[in-house]
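J.: structure.pdb (PDB, C-alpha atoms and all ligand atoms) pasted underneath:
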```pdb
MODEL        1
ATOM      1  CA  MET M   1     171.021  -6.563  17.784
ATOM      2  CA  ASN M   2     170.527  -5.224  21.312
ATOM      3  CA  ASN M   3     169.133  -7.414  24.052
ATOM      4  CA  GLU M   4     165.628  -5.924  23.913
ATOM      5  CA  SER M   5     165.207  -6.460  20.183
ATOM      6  CA  LEU M   6     166.693  -9.965  20.463
ATOM      7  CA  ILE M   7     164.092 -10.886  23.088
ATOM      8  CA  ALA M   8     161.278  -9.300  21.047
ATOM      9  CA  GLU M   9     162.297 -11.096  17.880
ATOM     10  CA  LEU M  10     162.643 -14.439  19.673
ATOM     11  CA  ASN M  11     159.190 -13.993  21.210
ATOM     12  CA  ASN M  12     157.779 -13.418  17.717
ATOM     13  CA  THR M  13     159.619 -16.423  16.324
ATOM     14  CA  ILE M  14     159.220 -19.214  18.891
ATOM     15  CA  ASP M  15     155.891 -21.053  18.595
ATOM     16  CA  ASN M  16     153.915 -22.106  21.637
ATOM     17  CA  ILE M  17     152.010 -25.346  21.041
ATOM     18  CA  PRO M  18     149.421 -26.065  23.760
ATOM     19  CA  ASP M  19     148.893 -29.657  24.900
ATOM     20  CA  PHE M  20     151.856 -31.129  23.005
ATOM     21  CA  PRO M  21     153.153 -33.839  23.321
ATOM     22  CA  ILE M  22     150.654 -34.506  26.143
ATOM     23  CA  PRO M  23     147.745 -32.499  27.626
ATOM     24  CA  GLY M  24     148.873 -29.694  29.951
ATOM     25  CA  ILE M  25     152.295 -29.075  28.332
ATOM     26  CA  GLN M  26     152.938 -25.754  26.567
ATOM     27  CA  PHE M  27     155.536 -26.938  24.052
ATOM     28  CA  LYS M  28     158.044 -24.318  22.891
ATOM     29  CA  ASP M  29     158.949 -24.936  19.261
ATOM     30  CA  ILE M  30     162.299 -23.246  18.593
ATOM     31  CA  THR M  31     162.768 -24.615  15.061
ATOM     32  CA  PRO M  32     161.662 -21.330  13.309
ATOM     33  CA  ILE M  33     164.859 -19.733  14.688
ATOM     34  CA  PHE M  34     166.885 -21.863  12.266
ATOM     35  CA  LEU M  35     165.011 -20.357   9.306
ATOM     36  CA  ASN M  36     166.541 -16.986  10.193
ATOM     37  CA  PRO M  37     170.373 -17.007  10.107
ATOM     38  CA  LYS M  38     170.677 -13.415  11.388
ATOM     39  CA  LEU M  39     168.549 -14.225  14.427
ATOM     40  CA  TYR M  40     170.521 -17.438  15.023
ATOM     41  CA  GLU M  41     173.760 -15.429  14.893
ATOM     42  CA  ALA M  42     172.399 -12.924  17.407
ATOM     43  CA  VAL M  43     171.436 -15.746  19.790
ATOM     44  CA  ILE M  44     174.944 -17.220  19.586
ATOM     45  CA  ALA M  45     176.520 -13.792  20.135
ATOM     46  CA  ASP M  46     174.400 -13.321  23.254
ATOM     47  CA  PHE M  47     175.370 -16.744  24.676
ATOM     48  CA  VAL M  48     179.023 -16.106  23.789
ATOM     49  CA  ASN M  49     178.919 -12.766  25.594
ATOM     50  CA  PHE M  50     177.722 -14.552  28.763
ATOM     51  CA  SER M  51     180.480 -17.194  28.677
ATOM     52  CA  LYS M  52     183.470 -15.418  27.138
ATOM     53  CA  GLY M  53     186.636 -15.882  29.225
ATOM     54  CA  LYS M  54     184.759 -17.848  31.887
ATOM     55  CA  ILE M  55     184.774 -21.443  30.646
ATOM     56  CA  ASP M  56     187.113 -24.077  29.203
ATOM     57  CA  VAL M  57     184.536 -26.544  27.818
ATOM     58  CA  VAL M  58     180.905 -26.537  26.629
ATOM     59  CA  CYS M  59     178.747 -29.587  27.437
ATOM     60  CA  GLY M  60     175.520 -29.768  25.413
ATOM     61  CA  ILE M  61     172.525 -31.891  26.338
ATOM     62  CA  GLU M  62     170.915 -34.114  23.666
ATOM     63  CA  SER M  63     169.515 -33.110  21.378
ATOM     64  CA  ARG M  64     168.446 -29.476  21.227
ATOM     65  CA  GLY M  65     171.375 -28.497  23.437
ATOM     66  CA  TYR M  66     173.585 -29.251  20.446
ATOM     67  CA  LEU M  67     171.877 -26.723  18.170
ATOM     68  CA  PHE M  68     173.397 -23.709  19.921
ATOM     69  CA  GLY M  69     176.029 -25.454  22.066
ATOM     70  CA  ILE M  70     178.419 -26.365  19.252
ATOM     71  CA  ALA M  71     178.297 -22.847  17.786
ATOM     72  CA  ILE M  72     178.997 -21.353  21.240
ATOM     73  CA  ALA M  73     182.023 -23.650  21.672
ATOM     74  CA  VAL M  74     183.390 -22.869  18.205
ATOM     75  CA  ALA M  75     183.022 -19.116  18.747
ATOM     76  CA  LEU M  76     184.823 -19.382  22.110
ATOM     77  CA  GLU M  77     187.447 -21.731  20.638
ATOM     78  CA  VAL M  78     186.844 -24.341  23.342
ATOM     79  CA  PRO M  79     185.946 -28.062  23.067
ATOM     80  CA  PHE M  80     182.347 -29.278  22.841
ATOM     81  CA  VAL M  81     181.317 -32.459  24.674
ATOM     82  CA  LEU M  82     178.052 -34.308  24.031
ATOM     83  CA  ILE M  83     175.809 -35.471  26.865
ATOM     84  CA  ARG M  84     173.673 -38.218  25.346
ATOM     85  CA  LYS M  85     170.638 -40.302  26.139
ATOM     86  CA  LYS M  86     171.325 -43.826  27.366
ATOM     87  CA  GLY M  87     172.731 -46.370  24.951
ATOM     88  CA  LYS M  88     174.218 -44.097  22.294
ATOM     89  CA  LEU M  89     177.838 -43.636  23.400
ATOM     90  CA  PRO M  90     180.651 -46.169  23.098
ATOM     91  CA  PRO M  91     182.705 -46.789  26.289
ATOM     92  CA  PRO M  92     184.275 -45.406  28.381
ATOM     93  CA  PHE M  93     181.314 -43.465  29.755
ATOM     94  CA  ILE M  94     179.449 -42.766  32.999
ATOM     95  CA  SER M  95     175.672 -42.638  33.510
ATOM     96  CA  GLN M  96     173.298 -40.652  35.669
ATOM     97  CA  LYS M  97     169.637 -41.509  36.330
ATOM     98  CA  TYR M  98     167.105 -38.753  36.997
ATOM     99  CA  ASN M  99     163.390 -38.440  37.651
ATOM    100  CA  LEU M 100     160.867 -37.378  35.073
ATOM    101  CA  GLU M 101     157.277 -36.445  35.913
ATOM    102  CA  TYR M 102     156.452 -40.116  35.401
ATOM    103  CA  GLY M 103     159.282 -42.632  35.670
ATOM    104  CA  THR M 104     163.014 -42.135  35.249
ATOM    105  CA  SER M 105     165.499 -41.470  32.491
ATOM    106  CA  GLU M 106     169.260 -41.717  32.112
ATOM    107  CA  ILE M 107     171.969 -39.686  30.386
ATOM    108  CA  GLU M 108     175.579 -40.534  29.669
ATOM    109  CA  MET M 109     178.876 -38.813  28.985
ATOM    110  CA  LYS M 110     182.260 -40.052  27.834
ATOM    111  CA  THR M 111     184.922 -40.045  30.564
ATOM    112  CA  ASP M 112     187.879 -39.186  28.342
ATOM    113  CA  GLN M 113     186.740 -35.796  27.074
ATOM    114  CA  ILE M 114     186.819 -33.368  30.008
ATOM    115  CA  LYS M 115     189.648 -32.882  32.481
ATOM    116  CA  GLU M 116     189.842 -32.228  36.207
ATOM    117  CA  ASN M 117     189.364 -28.578  37.207
ATOM    118  CA  GLN M 118     188.176 -27.459  33.788
ATOM    119  CA  ARG M 119     185.429 -24.824  33.991
ATOM    120  CA  VAL M 120     182.342 -26.159  32.272
ATOM    121  CA  LEU M 121     179.317 -24.482  30.695
ATOM    122  CA  ILE M 122     176.304 -26.812  30.621
ATOM    123  CA  HIS M 123     173.954 -25.755  27.863
ATOM    124  CA  ASP M 124     170.437 -26.782  26.792
ATOM    125  CA  ASP M 125     167.652 -25.145  24.822
ATOM    126  CA  LEU M 126     165.151 -25.103  27.667
ATOM    127  CA  LEU M 127     165.111 -25.363  31.466
ATOM    128  CA  ALA M 128     161.870 -26.940  32.706
ATOM    129  CA  THR M 129     162.007 -28.922  35.982
ATOM    130  CA  GLY M 130     165.818 -28.952  35.867
ATOM    131  CA  GLY M 131     166.043 -32.731  36.220
ATOM    132  CA  THR M 132     168.000 -33.246  33.011
ATOM    133  CA  THR M 133     170.394 -30.386  33.648
ATOM    134  CA  GLU M 134     171.017 -31.424  37.251
ATOM    135  CA  ALA M 135     171.919 -34.948  36.066
ATOM    136  CA  ALA M 136     174.277 -33.455  33.454
ATOM    137  CA  ALA M 137     175.967 -31.326  36.115
ATOM    138  CA  LYS M 138     176.475 -34.413  38.302
ATOM    139  CA  LEU M 139     178.234 -36.183  35.424
ATOM    140  CA  VAL M 140     180.580 -33.204  35.074
ATOM    141  CA  GLN M 141     181.306 -33.041  38.824
ATOM    142  CA  GLN M 142     181.960 -36.786  39.041
ATOM    143  CA  GLN M 143     184.893 -36.205  36.692
ATOM    144  CA  GLY M 144     186.430 -33.527  38.891
ATOM    145  CA  ALA M 145     185.526 -30.650  36.569
ATOM    146  CA  ILE M 146     183.866 -27.452  37.767
ATOM    147  CA  VAL M 147     180.280 -26.616  36.862
ATOM    148  CA  SER M 148     180.805 -22.881  36.263
ATOM    149  CA  GLN M 149     177.824 -21.833  34.163
ATOM    150  CA  PHE M 150     174.435 -22.941  32.863
ATOM    151  CA  SER M 151     172.821 -21.345  29.820
ATOM    152  CA  PHE M 152     169.411 -21.847  28.225
ATOM    153  CA  LEU M 153     167.486 -20.171  25.466
ATOM    154  CA  ILE M 154     164.286 -20.494  27.533
ATOM    155  CA  GLY M 155     163.548 -20.921  31.235
ATOM    156  CA  LEU M 156     160.069 -21.919  32.399
ATOM    157  CA  ASN M 157     159.989 -20.220  35.784
ATOM    158  CA  GLU M 158     156.987 -21.902  37.314
ATOM    159  CA  LEU M 159     158.661 -25.310  37.095
ATOM    160  CA  LYS M 160     161.403 -24.061  39.447
ATOM    161  CA  GLY M 161     164.331 -25.589  37.571
ATOM    162  CA  LYS M 162     166.688 -22.909  38.875
ATOM    163  CA  GLU M 163     166.126 -24.043  42.461
ATOM    164  CA  LYS M 164     167.326 -27.523  41.529
ATOM    165  CA  LEU M 165     170.545 -26.009  40.133
ATOM    166  CA  LYS M 166     171.248 -23.607  43.028
ATOM    167  CA  HIS M 167     173.517 -25.973  44.941
ATOM    168  CA  PHE M 168     176.053 -26.024  42.098
ATOM    169  CA  GLN M 169     176.715 -22.318  42.792
ATOM    170  CA  ALA M 170     177.136 -21.659  39.082
ATOM    171  CA  ASP M 171     175.948 -18.635  37.078
ATOM    172  CA  ILE M 172     172.651 -19.256  35.295
ATOM    173  CA  TYR M 173     171.595 -17.429  32.138
ATOM    174  CA  GLU M 174     168.296 -17.633  30.244
ATOM    175  CA  ILE M 175     167.702 -15.394  27.234
ATOM    176  CA  LEU M 176     163.924 -15.755  27.645
ATOM    177  CA  SER M 177     162.098 -16.387  30.911
ATOM    178  CA  TYR M 178     158.440 -17.371  30.858
TER     179      TYR M 178
HETATM  180  P1  LIG V   1     163.677 -30.729  32.435
HETATM  181  O1  LIG V   1     164.545 -31.904  32.753
HETATM  182  O2  LIG V   1     162.291 -30.870  33.032
HETATM  183  O3  LIG V   1     164.288 -29.394  32.804
HETATM  184  O4  LIG V   1     163.405 -30.745  30.862
HETATM  185  C1  LIG V   1     164.276 -30.168  30.000
HETATM  186  C2  LIG V   1     164.310 -30.852  28.655
HETATM  187  O5  LIG V   1     163.015 -31.197  28.159
HETATM  188  C3  LIG V   1     164.924 -29.916  27.627
HETATM  189  O6  LIG V   1     165.943 -30.648  26.954
HETATM  190  C4  LIG V   1     163.804 -29.513  26.704
HETATM  191  O7  LIG V   1     164.232 -29.629  25.369
HETATM  192  C5  LIG V   1     162.636 -30.453  27.007
HETATM  193  N1  LIG V   1     161.387 -29.717  27.367
HETATM  194  C6  LIG V   1     160.774 -29.727  28.578
HETATM  195  N2  LIG V   1     159.667 -28.979  28.593
HETATM  196  C7  LIG V   1     159.543 -28.458  27.347
HETATM  197  C8  LIG V   1     158.605 -27.568  26.713
HETATM  198  N3  LIG V   1     157.550 -27.054  27.377
HETATM  199  N4  LIG V   1     158.804 -27.228  25.422
HETATM  200  C9  LIG V   1     159.879 -27.730  24.750
HETATM  201  N5  LIG V   1     160.785 -28.562  25.285
HETATM  202  C10 LIG V   1     160.637 -28.937  26.557
ENDMDL
END
```
Show the structure stored in the file as structure tokens.
Ligand code: AMP

T.:
Amino acid sequence: MNNESLIAELNNTIDNIPDFPIPGIQFKDITPIFLNPKLYEAVIADFVNFSKGKIDVVCGIESRGYLFGIAIAVALEVPFVLIRKKGKLPPPFISQKYNLEYGTSEIEMKTDQIKENQRVLIHDDLLATGGTTEAAAKLVQQQGAIVSQFSFLIGLNELKGKEKLKHFQADIYEILSY
């Protein structure tokens, strides 16, 4: 599938749900992608093409970052490391707080799974404000690894997530930008 038809098919497949889970949010429901194995394969091939030869580890952000992240890692024959919400991982781990629109949240990562100087791809399904991804990148940097790439299925441009990620000087890829 070429890039244009991939984008067209994804646009026809992903549902936009207005005012979910709260008023004002345009929720992107990506679950119909998993009903279509050929489309899923094409998405993975596109992500793999972006990262091939450029990374040593994939870090996926809970939970939708796992849906594509593991397949990307397997295709590239590199390890996959989970970044989880607070309270789910056994020690040893490190934590990073970040701001949400209202309040704060926290994510965690095990400290015995990535090594110093490894080149890391941080992957999630969607980049909104960038708060979650920035916190994930800090966890990777705190362990002496290199944040080399970010990839997302969807980027919501008006929320300016990319600006929050600029200072990592990593390549950023979004298959769809809204
Ligand atoms: P953020 O930290 O603001 O970049 O939020 C990113 C995380 O929130 C991702 O893991 C997404 O799965 C989820 N998310 C944020 N906004 C949306 C949206 N409009 N539709 C679906 N998921 C969203």

J.: Set the cut-off to 7 Å, count only C-alpha atoms and all ligand atoms, and list whatever residues fall near ligand LIG 1 (chain V) as a PyMOL selection string.

T.: chain M and resi 25-29+61-62+64-65+100+124-133+161

J.: Which is closer to Lys160 (chain M) than all the others in M:His123, M:Gly144, M:Tyr178, M:Pro90, using all atoms listed in the file?

T.: M:Tyr178

J.: Can you spell out as number ranges by chain the set of residues that the PyMOL selection byres (((chain M and resi 153) around 8) and not hetatm) selects in the structure I just provided?

T.: M: 124-126, 151-152, 154-155, 174-176

J.: Do a neighbour search on Asn49 (chain M) at 12 Å with all atoms listed in the file, toss out local chain neighbours closer than 2 positions, and write the hits as a ChimeraX atom specification.

T.: /M:3,42-47,51-55,72-73,75-76,151,173,175

J.: Neighbouring residues of Thr31 (chain M) were defined as those with any atom within 8 Å, considering all atoms listed in the file; residues of the same chain fewer than 3 positions away were excluded. Please report them as an MDAnalysis selection string.

T.: chainID M and resid 14 34:35

J.: Take CA of Lys97 (chain M) and CA of Thr111 (chain M) and report the distance between them in Å, one decimal.

T.: 16.4 Å
